[in-house]
Structure formats: structure tokens, C-alpha cells
>>> print(open('run-v1.tsv').read())   # TSV, C-alpha atoms
chain	number	residue	atom	x	y	z
A	234	MET	CA	13.12	7.30	-8.38
A	235	ARG	CA	10.09	9.55	-8.31
A	236	ILE	CA	6.79	7.75	-8.08
A	237	ALA	CA	3.31	9.25	-8.22
A	238	MET	CA	0.81	7.16	-6.30
A	239	THR	CA	-2.68	8.04	-7.38
A	240	TYR	CA	-5.58	7.42	-5.03
A	241	THR	CA	-9.17	8.27	-4.28
A	242	ARG	CA	-9.07	7.27	-0.65
A	243	LEU	CA	-5.90	6.88	1.40
A	244	ARG	CA	-6.45	3.61	3.21
A	245	VAL	CA	-4.23	1.51	5.43
A	246	GLU	CA	-2.81	-0.15	2.33
A	247	GLU	CA	-1.80	3.15	0.76
A	248	ARG	CA	-0.15	4.30	3.96
A	249	MET	CA	1.80	1.04	4.16
A	250	LEU	CA	2.91	1.45	0.56
A	251	ILE	CA	4.02	5.04	1.12
A	252	ASP	CA	6.06	3.91	4.11
A	253	ALA	CA	7.67	1.17	2.02
A	254	PHE	CA	8.56	3.53	-0.82
A	255	GLU	CA	10.13	5.96	1.64
A	256	ASP	CA	12.05	3.17	3.35
A	257	PHE	CA	13.54	2.30	-0.04
A	258	GLY	CA	14.63	5.89	-0.52
A	259	ALA	CA	12.14	6.66	-3.26
A	260	ASP	CA	10.35	9.95	-3.62
A	261	VAL	CA	6.65	9.08	-3.57
A	262	THR	CA	3.95	11.67	-4.10
A	263	PRO	CA	0.40	10.67	-3.21
A	264	ILE	CA	-1.99	12.35	-5.64
A	265	ASP	CA	-5.70	12.54	-4.96
A	266	LEU	CA	-7.31	11.98	-8.35
A	267	ARG	CA	-10.28	14.07	-7.25
A	268	THR	CA	-8.05	17.16	-7.34
A	269	VAL	CA	-6.52	16.62	-10.79
A	270	VAL	CA	-7.37	18.27	-14.10
A	271	PHE	CA	-5.87	16.30	-16.96
A	272	ASN	CA	-4.81	17.82	-20.25
A	273	PRO	CA	-4.69	14.83	-22.61
A	274	THR	CA	-2.19	16.62	-24.86
A	275	SER	CA	0.40	17.57	-22.27
A	276	LEU	CA	2.21	15.73	-19.48
A	277	GLY	CA	2.69	18.91	-17.48
A	278	GLU	CA	3.49	18.08	-13.84
A	279	TRP	CA	3.40	14.35	-14.56
A	280	ALA	CA	6.65	14.60	-16.53
A	281	GLN	CA	8.62	14.63	-13.26
A	282	TYR	CA	7.64	11.08	-12.36
A	283	ASP	CA	9.34	7.88	-13.43
A	284	ALA	CA	6.13	5.89	-13.05
A	285	VAL	CA	2.58	6.20	-11.82
A	286	PHE	CA	1.38	3.62	-9.35
A	287	ASP	CA	-2.40	3.57	-9.29
A	288	ARG	CA	-4.08	2.80	-5.98
A	289	SER	CA	-7.47	4.32	-6.58
A	290	LEU	CA	-10.34	2.17	-5.39
A	291	SER	CA	-12.59	3.84	-7.95
A	292	LEU	CA	-12.44	1.92	-11.20
A	293	THR	CA	-13.79	4.94	-13.06
A	294	ASN	CA	-11.07	7.20	-11.66
A	295	THR	CA	-8.43	4.60	-12.42
A	296	LEU	CA	-9.44	3.99	-16.01
A	297	THR	CA	-9.82	7.69	-16.74
A	298	SER	CA	-6.44	8.64	-15.35
A	299	ILE	CA	-4.43	5.68	-16.58
A	300	ARG	CA	-5.93	5.97	-20.05
A	301	ILE	CA	-4.68	9.54	-20.35
A	302	LEU	CA	-1.32	9.02	-18.64
A	303	GLU	CA	-0.44	5.92	-20.63
A	304	SER	CA	-1.42	7.70	-23.82
A	305	LEU	CA	1.13	10.36	-22.87
A	306	GLY	CA	3.84	7.73	-22.48
A	307	VAL	CA	3.81	7.33	-18.73
A	308	ARG	CA	4.60	3.87	-17.39
A	309	CYS	CA	1.61	2.96	-15.26
A	310	ILE	CA	1.34	0.13	-12.77
A	311	ASN	CA	-0.76	-1.72	-13.64
A	312	PRO	CA	-0.94	-1.03	-17.41
A	313	LEU	CA	-4.26	0.06	-18.86
A	314	HIS	CA	-4.87	-3.17	-20.73
A	315	ALA	CA	-4.39	-5.25	-17.58
A	316	ILE	CA	-6.76	-3.05	-15.58
A	317	GLU	CA	-9.43	-3.15	-18.29
A	318	THR	CA	-9.18	-6.92	-18.46
A	319	CYS	CA	-9.19	-7.53	-14.71
A	320	ALA	CA	-12.04	-5.11	-14.12
A	321	ASP	CA	-14.38	-6.89	-16.50
A	322	LYS	CA	-15.17	-10.48	-15.55
A	323	LEU	CA	-16.06	-11.40	-19.11
A	324	ALA	CA	-12.78	-9.99	-20.43
A	325	THR	CA	-10.95	-11.87	-17.71
A	326	THR	CA	-12.71	-15.11	-18.57
A	327	LEU	CA	-11.81	-14.69	-22.24
A	328	ALA	CA	-8.16	-14.06	-21.33
A	329	PHE	CA	-8.10	-17.20	-19.20
A	330	ILE	CA	-9.67	-19.29	-21.97
A	331	ARG	CA	-7.18	-18.02	-24.55
A	332	ALA	CA	-4.28	-18.79	-22.23
A	333	GLY	CA	-5.55	-22.21	-21.19
A	334	VAL	CA	-5.98	-21.16	-17.55
A	335	PRO	CA	-8.60	-23.43	-15.93
A	336	THR	CA	-11.63	-21.41	-14.91
A	337	PRO	CA	-15.31	-22.10	-14.13
A	338	GLU	CA	-17.65	-22.51	-17.07
A	339	VAL	CA	-19.50	-19.42	-18.13
A	340	ARG	CA	-22.49	-18.62	-20.31
A	341	VAL	CA	-23.23	-15.10	-21.47
A	342	ALA	CA	-26.35	-13.43	-22.83
A	343	VAL	CA	-27.53	-9.88	-23.37
A	344	ASP	CA	-31.23	-10.40	-22.85
A	345	SER	CA	-33.25	-11.73	-19.93
A	346	ASP	CA	-34.91	-14.52	-21.93
A	347	SER	CA	-31.66	-15.84	-23.34
A	348	GLY	CA	-30.14	-15.10	-19.93
A	349	LEU	CA	-32.53	-17.62	-18.43
A	350	ASP	CA	-31.43	-20.12	-21.08
A	351	ALA	CA	-27.81	-19.37	-20.18
A	352	ILE	CA	-28.48	-20.10	-16.53
A	353	GLU	CA	-30.35	-23.31	-17.31
A	354	GLN	CA	-27.56	-24.50	-19.59
A	355	LEU	CA	-25.29	-24.41	-16.56
A	356	GLY	CA	-27.90	-25.85	-14.26
A	357	TYR	CA	-28.79	-25.05	-10.67
A	358	PRO	CA	-27.34	-23.78	-8.49
A	359	CYS	CA	-25.70	-21.19	-10.69
A	360	VAL	CA	-23.90	-17.93	-9.98
A	361	LEU	CA	-24.88	-14.62	-11.54
A	362	LYS	CA	-22.46	-11.71	-11.44
A	363	PRO	CA	-22.32	-8.23	-12.89
A	364	THR	CA	-19.41	-8.17	-15.34
A	365	VAL	CA	-18.07	-5.10	-13.55
A	366	GLY	CA	-18.11	-5.07	-9.77
A	367	SER	CA	-16.11	-5.94	-6.70
A	368	TRP	CA	-16.34	-7.00	-3.09
A	369	GLY	CA	-19.06	-9.52	-3.90
A	370	ARG	CA	-21.61	-6.82	-4.69
A	371	LEU	CA	-24.74	-8.03	-6.50
A	372	VAL	CA	-23.35	-11.54	-6.86
A	373	SER	CA	-26.19	-14.04	-6.64
A	374	ARG	CA	-26.38	-17.76	-6.19
A	375	ILE	CA	-29.48	-18.90	-8.02
A	376	ASN	CA	-30.90	-22.13	-6.71
A	377	ASP	CA	-33.91	-22.64	-8.99
A	378	ARG	CA	-35.85	-21.28	-11.93
A	379	ASP	CA	-38.10	-19.14	-9.75
A	380	ALA	CA	-35.09	-17.32	-8.37
A	381	ALA	CA	-33.55	-16.99	-11.82
A	382	GLU	CA	-36.67	-15.42	-13.28
A	383	SER	CA	-36.99	-13.06	-10.34
A	384	ILE	CA	-33.41	-11.89	-10.34
A	385	LEU	CA	-33.35	-11.38	-14.09
A	386	GLU	CA	-36.52	-9.32	-13.88
A	387	HIS	CA	-35.12	-7.22	-11.03
A	388	ARG	CA	-31.96	-6.57	-13.04
A	389	GLU	CA	-33.94	-5.61	-16.09
A	390	VAL	CA	-36.16	-3.17	-14.22
A	391	LEU	CA	-33.84	-1.83	-11.56
A	392	GLY	CA	-30.38	-2.30	-12.98
A	393	SER	CA	-28.27	-0.06	-15.15
A	394	VAL	CA	-27.32	-0.99	-18.70
A	395	ASN	CA	-24.27	-2.75	-17.23
A	396	HIS	CA	-26.59	-5.26	-15.61
A	397	SER	CA	-28.19	-6.16	-18.91
A	398	VAL	CA	-25.29	-8.52	-19.62
A	399	VAL	CA	-26.06	-11.88	-18.08
A	400	TYR	CA	-22.77	-13.39	-17.00
A	401	ALA	CA	-23.67	-16.77	-15.55
A	402	GLN	CA	-20.96	-18.88	-13.98
A	403	GLU	CA	-21.12	-22.50	-12.91
A	404	HIS	CA	-21.42	-22.88	-9.18
A	405	ILE	CA	-18.37	-24.57	-7.72
A	406	ASN	CA	-19.10	-26.68	-4.67
A	407	LYS	CA	-15.97	-25.50	-2.94
A	408	PRO	CA	-15.05	-26.16	0.67
A	409	ASP	CA	-15.88	-23.25	2.98
A	410	ARG	CA	-13.09	-21.20	1.58
A	411	ASP	CA	-11.52	-19.71	-1.49
A	412	ILE	CA	-7.85	-18.97	-2.01
A	413	ARG	CA	-6.11	-15.74	-2.90
A	414	VAL	CA	-2.58	-15.66	-4.25
A	415	PHE	CA	-0.63	-12.42	-4.41
A	416	VAL	CA	1.46	-12.19	-7.58
A	417	VAL	CA	4.14	-9.54	-7.99
A	418	GLY	CA	6.47	-9.38	-10.96
A	419	GLY	CA	5.58	-12.88	-12.07
A	420	ASN	CA	6.16	-14.39	-8.64
A	421	ALA	CA	3.51	-15.81	-6.31
A	422	ILE	CA	4.72	-14.24	-3.08
A	423	ALA	CA	1.98	-15.16	-0.62
A	424	ALA	CA	-1.36	-16.89	-0.32
A	425	ILE	CA	-4.33	-16.78	2.00
A	426	GLU	CA	-7.45	-18.78	2.42
A	427	ARG	CA	-10.65	-16.89	3.11
A	428	ARG	CA	-13.15	-18.85	5.12
A	429	SER	CA	-16.78	-18.06	5.65
A	430	GLU	CA	-19.95	-19.92	6.47
A	431	HIS	CA	-21.54	-17.83	3.76
A	432	TRP	CA	-20.93	-18.99	0.20
A	433	LEU	CA	-19.41	-15.61	-0.64
A	434	THR	CA	-15.87	-15.52	0.71
A	435	ASN	CA	-14.90	-11.88	0.20
A	436	THR	CA	-13.34	-10.40	3.33
A	437	ALA	CA	-15.50	-7.39	2.54
A	438	ARG	CA	-18.43	-9.73	3.25
A	439	GLY	CA	-16.99	-11.00	6.52
A	440	ALA	CA	-14.76	-13.88	5.50
A	441	VAL	CA	-11.72	-14.48	7.70
A	442	ALA	CA	-8.27	-14.64	6.12
A	443	ALA	CA	-5.48	-16.99	7.16
A	444	GLY	CA	-2.07	-17.51	5.61
A	445	MET	CA	-1.37	-20.69	3.68
A	446	GLU	CA	1.45	-22.26	1.72
A	447	VAL	CA	2.01	-21.22	-1.85
A	448	THR	CA	2.05	-24.67	-3.40
A	449	PRO	CA	3.68	-25.24	-6.79
A	450	GLU	CA	0.24	-25.66	-8.31
A	451	LEU	CA	-1.04	-22.41	-6.80
A	452	ALA	CA	2.07	-20.61	-7.99
A	453	ASP	CA	1.78	-22.01	-11.50
A	454	LEU	CA	-1.90	-21.24	-11.96
A	455	SER	CA	-1.79	-17.79	-10.43
A	456	THR	CA	1.27	-16.61	-12.34
A	457	ARG	CA	-0.14	-17.93	-15.60
A	458	ALA	CA	-3.42	-16.18	-14.86
A	459	VAL	CA	-1.69	-12.86	-14.19
A	460	ALA	CA	0.43	-13.24	-17.32
A	461	SER	CA	-2.73	-13.81	-19.35
A	462	VAL	CA	-4.05	-10.36	-18.42
A	463	GLY	CA	-0.70	-8.56	-18.51
A	464	ALA	CA	-0.64	-7.27	-14.95
A	465	ASP	CA	2.48	-6.31	-13.01
A	466	ILE	CA	0.86	-6.79	-9.61
A	467	ALA	CA	-2.38	-8.61	-8.88
A	468	ALA	CA	-4.29	-10.82	-6.49
A	469	VAL	CA	-5.69	-14.02	-7.98
A	470	ASP	CA	-8.77	-15.67	-6.55
A	471	LEU	CA	-9.02	-19.44	-6.97
A	472	LEU	CA	-11.68	-22.01	-6.18
A	473	GLU	CA	-11.22	-25.69	-5.38
A	474	CYS	CA	-13.54	-27.78	-7.52
A	475	PRO	CA	-14.11	-31.30	-6.12
A	476	SER	CA	-13.93	-32.85	-9.59
A	477	ARG	CA	-11.61	-30.61	-11.59
A	478	GLY	CA	-9.24	-29.23	-8.99
A	479	LEU	CA	-8.12	-25.64	-8.77
A	480	LEU	CA	-9.91	-23.13	-10.99
A	481	VAL	CA	-9.04	-19.47	-11.32
A	482	ASN	CA	-12.09	-17.35	-10.59
A	483	GLU	CA	-10.93	-13.78	-11.09
A	484	ILE	CA	-8.06	-11.34	-10.77
A	485	ASN	CA	-7.93	-8.11	-8.79
A	486	HIS	CA	-5.71	-5.38	-10.22
A	487	SER	CA	-5.66	-3.16	-7.12
A	488	MET	CA	-5.41	-5.63	-4.32
A	489	GLU	CA	-6.14	-5.09	-0.69
A	490	PHE	CA	-3.76	-6.76	1.72
A	491	ARG	CA	-4.21	-5.28	5.20
A	492	ASN	CA	-5.54	-8.62	6.47
A	493	SER	CA	-2.81	-10.60	4.73
A	494	THR	CA	0.64	-9.31	5.70
A	495	THR	CA	0.56	-10.46	9.32
A	496	THR	CA	-1.15	-13.77	8.63
A	497	THR	CA	1.23	-14.71	5.79
A	498	GLY	CA	4.38	-13.27	7.31
A	499	VAL	CA	5.09	-11.58	3.99
A	500	ASP	CA	5.48	-7.82	3.77
A	501	ILE	CA	3.36	-7.67	0.65
A	502	HIS	CA	3.47	-3.87	0.56
A	503	ARG	CA	7.29	-3.87	0.52
A	504	VAL	CA	7.49	-6.44	-2.26
A	505	VAL	CA	4.94	-4.42	-4.26
A	506	ALA	CA	6.81	-1.16	-3.68
A	507	GLN	CA	10.15	-2.70	-4.63
A	508	HIS	CA	8.74	-4.15	-7.84
A	509	THR	CA	7.18	-0.81	-8.71
A	510	LEU	CA	10.56	0.84	-8.26
A	511	ASP	CA	12.20	-1.85	-10.41
A	512	ILE	CA	9.69	-1.16	-13.17
A	513	ALA	CA	10.26	2.58	-12.88
A	514	GLN	CA	14.02	2.10	-12.99
A	515	ALA	CA	13.81	-0.09	-16.07
A	516	HIS	CA	11.54	2.43	-17.77
A	517	ALA	CA	13.88	5.29	-16.90
A	518	SER	CA	16.87	3.29	-18.16
A	519	GLN	CA	15.11	2.64	-21.41
A	520	ALA	CA	14.36	6.33	-21.73
A	521	ALA	CA	17.99	7.14	-21.06
A	522	GLY	CA	19.03	4.57	-23.63
A	523	ASP	CA	16.89	6.38	-26.13
A	524	GLY	CA	19.03	9.44	-25.52
A	525	ASP	CA	17.18	12.69	-25.20
A	526	ILE	CA	13.97	11.23	-26.53
A	527	HIS	CA	11.23	12.06	-24.05
A	528	PRO	CA	8.82	9.22	-23.27
A	529	VAL	CA	6.05	11.14	-25.02
A	530	GLN	CA	8.13	11.43	-28.18
A	531	ARG	CA	9.09	7.78	-27.93
A	532	ALA	CA	5.44	6.80	-27.52
A	533	CYS	CA	4.55	8.87	-30.56
A	534	ASP	CA	7.32	7.29	-32.59
A	535	ALA	CA	6.23	3.83	-31.48
A	536	SER	CA	2.69	4.69	-32.51
A	537	ILE	CA	3.84	5.66	-35.97
A	538	ASP	CA	5.83	2.40	-36.17
A	539	GLY	CA	2.75	0.47	-35.07
A	540	GLU	CA	3.99	-0.72	-31.69
A	541	GLY	CA	3.88	0.28	-28.05
A	542	ALA	CA	1.20	0.13	-25.39
A	543	GLY	CA	-1.04	3.08	-24.76
A	544	SER	CA	-0.10	5.02	-27.86
A	545	SER	CA	-3.14	6.31	-29.63
A	546	GLY	CA	-2.23	8.97	-32.11
A	547	THR	CA	0.19	11.83	-31.84
A	548	PRO	CA	-0.57	14.32	-29.10
A	549	GLU	CA	0.57	17.89	-29.55
A	550	ARG	CA	3.50	18.60	-27.31
A	551	GLU	CA	3.53	21.90	-25.48
A	552	GLY	CA	7.07	22.45	-24.33
A	553	VAL	CA	7.24	18.90	-22.96
A	554	LEU	CA	10.30	17.86	-24.91
A	555	ALA	CA	13.67	18.85	-23.51
B	150	MET	CA	8.96	13.40	28.47
B	151	SER	CA	5.37	13.65	27.25
B	152	THR	CA	4.28	12.31	23.92
B	153	ALA	CA	2.39	14.83	21.79
B	154	THR	CA	-1.05	13.52	20.96
B	155	ILE	CA	-2.34	14.05	17.46
B	156	THR	CA	-6.06	14.67	17.53
B	157	ALA	CA	-8.92	16.12	15.58
B	158	THR	CA	-12.62	16.60	16.18
B	159	CYS	CA	-15.31	14.36	14.79
B	160	PRO	CA	-17.68	16.49	12.71
B	161	GLU	CA	-20.58	14.21	13.58
B	162	CYS	CA	-20.42	13.94	17.34
B	163	ASP	CA	-17.65	16.34	18.39
B	164	ALA	CA	-15.66	13.55	19.99
B	165	THR	CA	-11.88	13.58	19.88
B	166	VAL	CA	-10.38	11.41	17.17
B	167	ASN	CA	-6.85	10.25	17.96
B	168	PHE	CA	-4.14	9.51	15.41
B	169	ASP	CA	-1.09	7.29	15.95
B	170	ARG	CA	0.84	9.44	13.51
B	171	ALA	CA	0.31	12.61	11.51
B	172	PRO	CA	-2.30	11.77	8.89
B	173	LEU	CA	-2.09	12.58	5.20
B	174	ASN	CA	-4.75	14.30	3.16
B	175	GLY	CA	-7.38	11.86	2.04
B	176	GLU	CA	-6.64	9.44	4.86
B	177	ILE	CA	-9.55	7.60	6.40
B	178	ALA	CA	-10.22	7.57	10.12
B	179	ARG	CA	-13.04	6.25	12.22
B	180	CYS	CA	-14.56	7.97	15.21
B	181	THR	CA	-14.48	5.52	18.09
B	182	ASP	CA	-17.43	7.26	19.73
B	183	CYS	CA	-20.00	7.37	16.95
B	184	SER	CA	-18.30	5.00	14.46
B	185	ALA	CA	-18.56	7.55	11.65
B	186	GLU	CA	-16.13	6.96	8.83
B	187	LEU	CA	-14.18	10.16	8.34
B	188	GLU	CA	-11.77	11.58	5.82
B	189	VAL	CA	-8.89	13.99	6.51
B	190	ILE	CA	-9.53	17.00	4.28
B	191	ASN	CA	-6.83	19.21	5.78
B	192	THR	CA	-3.68	18.36	7.70
B	193	ASP	CA	-2.87	21.70	9.30
B	194	PRO	CA	-4.96	21.88	11.33
B	195	ILE	CA	-6.30	18.36	10.98
B	196	THR	CA	-9.81	18.69	9.70
B	197	LEU	CA	-12.23	15.84	9.26
B	198	GLU	CA	-15.42	15.41	7.33
B	199	LEU	CA	-17.64	12.45	6.66
B	200	ALA	CA	-15.94	10.12	4.22
B	201	PRO	CA	-17.69	9.73	0.87
B	202	GLU	CA	-20.13	6.86	0.63
B	203	VAL	CA	-18.94	3.71	-1.10
B	204	GLU	CA	-19.58	4.10	-4.81
B	205	GLU	CA	-20.81	1.47	-7.21
B	206	ASP	CA	-17.43	1.29	-8.96
B	207	TRP	CA	-15.28	0.92	-5.88
B	208	GLY	CA	-13.32	-2.22	-5.22
B	209	GLU	CA	-10.14	-4.12	-5.99
>>> encode(input="run-v1.tsv", output="C-alpha cells")
Amino acid sequence: MRIAMTYTRLRVEERMLIDAFEDFGADVTPIDLRTVVFNPTSLGEWAQYDAVFDRSLSLTNTLTSIRILESLGVRCINPLHAIETCADKLATTLAFIRAGVPTPEVRVAVDSDSGLDAIEQLGYPCVLKPTVGSWGRLVSRINDRDAAESILEHREVLGSVNHSVVYAQEHINKPDRDIRVFVVGGNAIAAIERRSEHWLTNTARGAVAAGMEVTPELADLSTRAVASVGADIAAVDLLECPSRGLLVNEINHSMEFRNSTTTTGVDIHRVVAQHTLDIAQAHASQAAGDGDIHPVQRACDASIDGEGAGSSGTPEREGVLA
Amino acid sequence: MSTATITATCPECDATVNFDRAPLNGEIARCTDCSAELEVINTDPITLELAPEVEEDWGE
């Protein structure tokens, strides 16, 4: 199998994944997205790969590249739709609601005045988050109306247009931890708790991770959550509500795990790499089953037939077909 | 038998940055002297520059 692993920064996680791929005998090529020029009508060099495994920590780079590659028929891990859903907290919430995955209550507005109403409908304290963001950035716990008014004004004046969407989430009075479950190929393979004295429990904000048991309930909720967004590989963050039990907070499509392999005893990177190879193998087998039909041709045909992910029209093919 | 040490120079403070193994392009290293976060921009010879600042869209 030939895997392209796209990245923006080669972190510990990426190095661990490369090692795992090589241990499994796969040919893995790390590709710095900052060096790539994409031609949306031609696979070019990308035709040599059985799958593209995205590990870019830049959402913009990820969406740009995966959008093009998937359109050209490349099997991407994770698929574009999953990434788009996971990256947007509102889209994630909607996916959870549709799938019946328990999740904190949310109110949404697109104006500061109605945003204040949204916050007050949930009551104080309340949590305000940008719909797009990670590592706990610009996440606020609003304890009273004064704070709500101030934060909304700051967002309006200082924020980008992305911050004009008021995504208010009920505050969950969780114990001093949240829980992360790593889901690969529909299986909850490991779980950690992240403890912090601060109410934000991102490890990026200083929370300390420790391995914990994947209970049947954690496995059920996390796998259902991942299925609802269509991801191959994801990390699910859950909160423990004193009155309603476990609630799924959000899903991360490009999970970090450097703090989690030792503490859980699970070689998360190896399970991820193996599943990626399984996906690539299945995709290659399907291509072989379609005879000499190149994935691009197959994607085009599927588009004409009205099916298939990532197909959006018929790209011109410049010598791509065998 | 001596073990070859893989090193590069920190562009900020000129200190020696040690690597456990040959780094790949784009890999992140940290200078233990000045704590600068560095990126490998060339592997032969190993060349370091300041790693890009965290961007607004970075994350999981």
C-alpha cells in the first residue's frame, strides 16, 4: 500500500504514525501541504497513492486539500464531509441531534442582541464558543449578564465574521474532568480522562491526561457519535452531567494522542495506521474490481449516476486514465 | 564504539540542538537553551528556523 500523509507540521504524532506505517510494511510519503500546487482537474502525482491520510493541524489546509483530492476520486481519511462536520461545532451539534446522540443544549443566534437572548434562555453560567476553533481557544464561561454583554460586544468589535455566530452551550457542572474516547473504524479503542482545576480541560490548556476504562456506555456513545459525522478515525469528547449522565460535547477529526498512548497502554498510532491501511486496501480492491476504471473515472461515473462522495462534476482528465 | 550524535544549530541562540534520530523535513524541535520552537527546513545538512506561530485555524 502507498499512503500519502499530508501535514503542515510534523509533530510527535506524525512521526509515530510514520513509524507505524513503516512497521506494517506500507510505503508512506509525508507531504508538506505548504509545498503543494494542486490542479483540481488532474490527479498528477497523487495517482500513485492508494489513500491520503490527512494529518494537517491547519483546518484551512486540510479542507482545501481534501476537497480537491476527494473531488478527484482519492480516498481520504477522514472524508471531507466528516471533517467539515467535526470542524464546525454547530454542524456537529446538528449531526448529534439528528442521530439521537445526547449532547448539551445549545442556542444559536447571528446577532449580538439575539445572542444575549440565546445566552439568557440557557441561563447562567453559560458557555460561549466560536463555531470553528480548537484547543479551547476563545471559549468563555459567562457567569452573568454583565459578562455576556461585554463578551458579545468584544466579539462584535474585535472578532472576525466567524465570531458573529453566537453558539451558546449549556454549562455542564461536570466533575473536574472530561473524557476523551478514541474511536477507530467504529471501535472505541482507548479512553482518557483529562483533569484540571480550570473549567477548561483541554490538555493544550494544561489539563493532565490519565487512562481509564472504556465502559460499554462510553463505547456506545462515542461510536454512535462518530458514526453520526461519518468519520473513520476521531476522538470524542464527553462530559458527565450530574442529572443527565454522559453527554457528547464534540468530536476531533485529527486527534492528538502523544499524552495518551503510554497512559492507556494502547498503541493508538498503530491502530490508526492499520485501519488506514485497511481502508486503502479496500479502496484499491474496489478499484481493481471495477477493472481498468481509474478512481477518477469511477468518481465521474458515480457523479453522473447521482451517487458517490466527493464527486462534483466531471473534471477533465489529462492522461490520468490508463 | 561511539554513537554518532545528530545535531543542528539553533538559529535564535546558536546553541546545539540534539536529535535522537534523523529528523524529517517539517519536524518540530525545541532548543533546550532558549526554548525556541524550531522547524527542520532541510535535512542535509539539518537546518532549523523558527517554527511558524500557531495560527487561528490550528487544532484537532
>>> closest_atom_pairs(input="run-v1.tsv", of="chain B", to="chain A", cutoff="6 Å", atoms="only C-alpha atoms", output="JSON lines")
{"residue": "B:Gly175", "atom": "CA", "partner": "A:Leu243", "partner_atom": "CA", "distance": 5.2}
{"residue": "B:Glu176", "atom": "CA", "partner": "A:Leu243", "partner_atom": "CA", "distance": 4.4}
{"residue": "B:Ile177", "atom": "CA", "partner": "A:Arg244", "partner_atom": "CA", "distance": 6.0}
{"residue": "B:Asp206", "atom": "CA", "partner": "A:Leu292", "partner_atom": "CA", "distance": 5.5}
{"residue": "B:Trp207", "atom": "CA", "partner": "A:Ser291", "partner_atom": "CA", "distance": 4.5}
{"residue": "B:Gly208", "atom": "CA", "partner": "A:Ser367", "partner_atom": "CA", "distance": 4.9}
{"residue": "B:Glu209", "atom": "CA", "partner": "A:Ser487", "partner_atom": "CA", "distance": 4.7}
>>> residues_around(input="run-v1.tsv", residues="Asn272 in chain A", least_positions_apart="6", cutoff="10 Å", atoms="all atoms listed in the file", output="list in words")
Ile301, Leu302 and Leu305 of chain A
>>> residues_near_point(input="run-v1.tsv", point="(-5.8, -17.0, 6.6)", cutoff="10 Å", atoms="all atoms listed in the file", output="list in words")
Arg410, Ile412, Arg413, Ala424, Ile425, Glu426, Arg427, Arg428, Ala440, Val441, Ala442, Ala443, Gly444, Met445, Asn492, Ser493, Thr495, Thr496 and Thr497 of chain A
>>> closest_residue(input="run-v1.tsv", among="A:Ala520, A:Ile375, A:Leu471, A:Val307", to="Leu349 in chain A", atoms="all atoms listed in the file")
A:Ile375
>>> atom_distance(input="run-v1.tsv", atom1="CA of Pro194 in chain B", atom2="CA of Thr156 in chain B")
9.6 Å
>>> build_atoms(input="run-v1.tsv", residues="range 171-189 of chain B", atoms="N, CA and C atoms", output="mmCIF file, keeping the file's coordinate frame")
data_model
loop_
_atom_site.group_PDB
_atom_site.id
_atom_site.type_symbol
_atom_site.label_atom_id
_atom_site.label_comp_id
_atom_site.auth_asym_id
_atom_site.auth_seq_id
_atom_site.Cartn_x
_atom_site.Cartn_y
_atom_site.Cartn_z
ATOM 1 N N ALA B 171 0.893 11.514 12.278
ATOM 2 C CA ALA B 171 0.310 12.610 11.510
ATOM 3 C C ALA B 171 -0.340 12.052 10.256
ATOM 4 N N PRO B 172 -1.608 12.321 10.060
ATOM 5 C CA PRO B 172 -2.300 11.770 8.890
ATOM 6 C C PRO B 172 -1.975 12.563 7.628
ATOM 7 N N LEU B 173 -2.233 11.918 6.502
ATOM 8 C CA LEU B 173 -2.090 12.580 5.200
ATOM 9 C C LEU B 173 -3.462 12.973 4.690
ATOM 10 N N ASN B 174 -3.478 13.928 3.784
ATOM 11 C CA ASN B 174 -4.750 14.300 3.160
ATOM 12 C C ASN B 174 -5.380 13.122 2.464
ATOM 13 N N GLY B 175 -6.667 12.978 2.664
ATOM 14 C CA GLY B 175 -7.380 11.860 2.040
ATOM 15 C C GLY B 175 -7.391 10.608 2.882
ATOM 16 N N GLU B 176 -6.694 10.639 4.020
ATOM 17 C CA GLU B 176 -6.640 9.440 4.860
ATOM 18 C C GLU B 176 -7.978 9.227 5.553
ATOM 19 N N ILE B 177 -8.271 7.964 5.792
ATOM 20 C CA ILE B 177 -9.550 7.600 6.400
ATOM 21 C C ILE B 177 -9.343 7.324 7.879
ATOM 22 N N ALA B 178 -10.249 7.830 8.685
ATOM 23 C CA ALA B 178 -10.220 7.570 10.120
ATOM 24 C C ALA B 178 -11.630 7.202 10.559
ATOM 25 N N ARG B 179 -11.711 6.590 11.695
ATOM 26 C CA ARG B 179 -13.040 6.250 12.220
ATOM 27 C C ARG B 179 -13.178 6.815 13.621
ATOM 28 N N CYS B 180 -14.302 7.442 13.872
ATOM 29 C CA CYS B 180 -14.560 7.970 15.210
ATOM 30 C C CYS B 180 -14.932 6.805 16.125
ATOM 31 N N THR B 181 -14.210 6.655 17.196
ATOM 32 C CA THR B 181 -14.480 5.520 18.090
ATOM 33 C C THR B 181 -15.743 5.742 18.912
ATOM 34 N N ASP B 182 -16.202 6.992 18.964
ATOM 35 C CA ASP B 182 -17.430 7.260 19.730
ATOM 36 C C ASP B 182 -18.681 6.958 18.923
ATOM 37 N N CYS B 183 -18.772 7.531 17.733
ATOM 38 C CA CYS B 183 -20.000 7.370 16.950
ATOM 39 C C CYS B 183 -19.828 6.452 15.744
ATOM 40 N N SER B 184 -18.610 5.938 15.558
ATOM 41 C CA SER B 184 -18.300 5.000 14.460
ATOM 42 C C SER B 184 -18.378 5.609 13.068
ATOM 43 N N ALA B 185 -18.505 6.914 12.982
ATOM 44 C CA ALA B 185 -18.560 7.550 11.650
ATOM 45 C C ALA B 185 -17.232 7.341 10.931
ATOM 46 N N GLU B 186 -17.332 7.082 9.649
ATOM 47 C CA GLU B 186 -16.130 6.960 8.830
ATOM 48 C C GLU B 186 -15.784 8.368 8.329
ATOM 49 N N LEU B 187 -14.563 8.776 8.588
ATOM 50 C CA LEU B 187 -14.180 10.160 8.340
ATOM 51 C C LEU B 187 -12.990 10.235 7.394
ATOM 52 N N GLU B 188 -12.895 11.351 6.720
ATOM 53 C CA GLU B 188 -11.770 11.580 5.820
ATOM 54 C C GLU B 188 -11.040 12.850 6.252
ATOM 55 N N VAL B 189 -9.709 12.813 6.201
ATOM 56 C CA VAL B 189 -8.890 13.990 6.510
ATOM 57 C C VAL B 189 -8.907 14.900 5.285
#
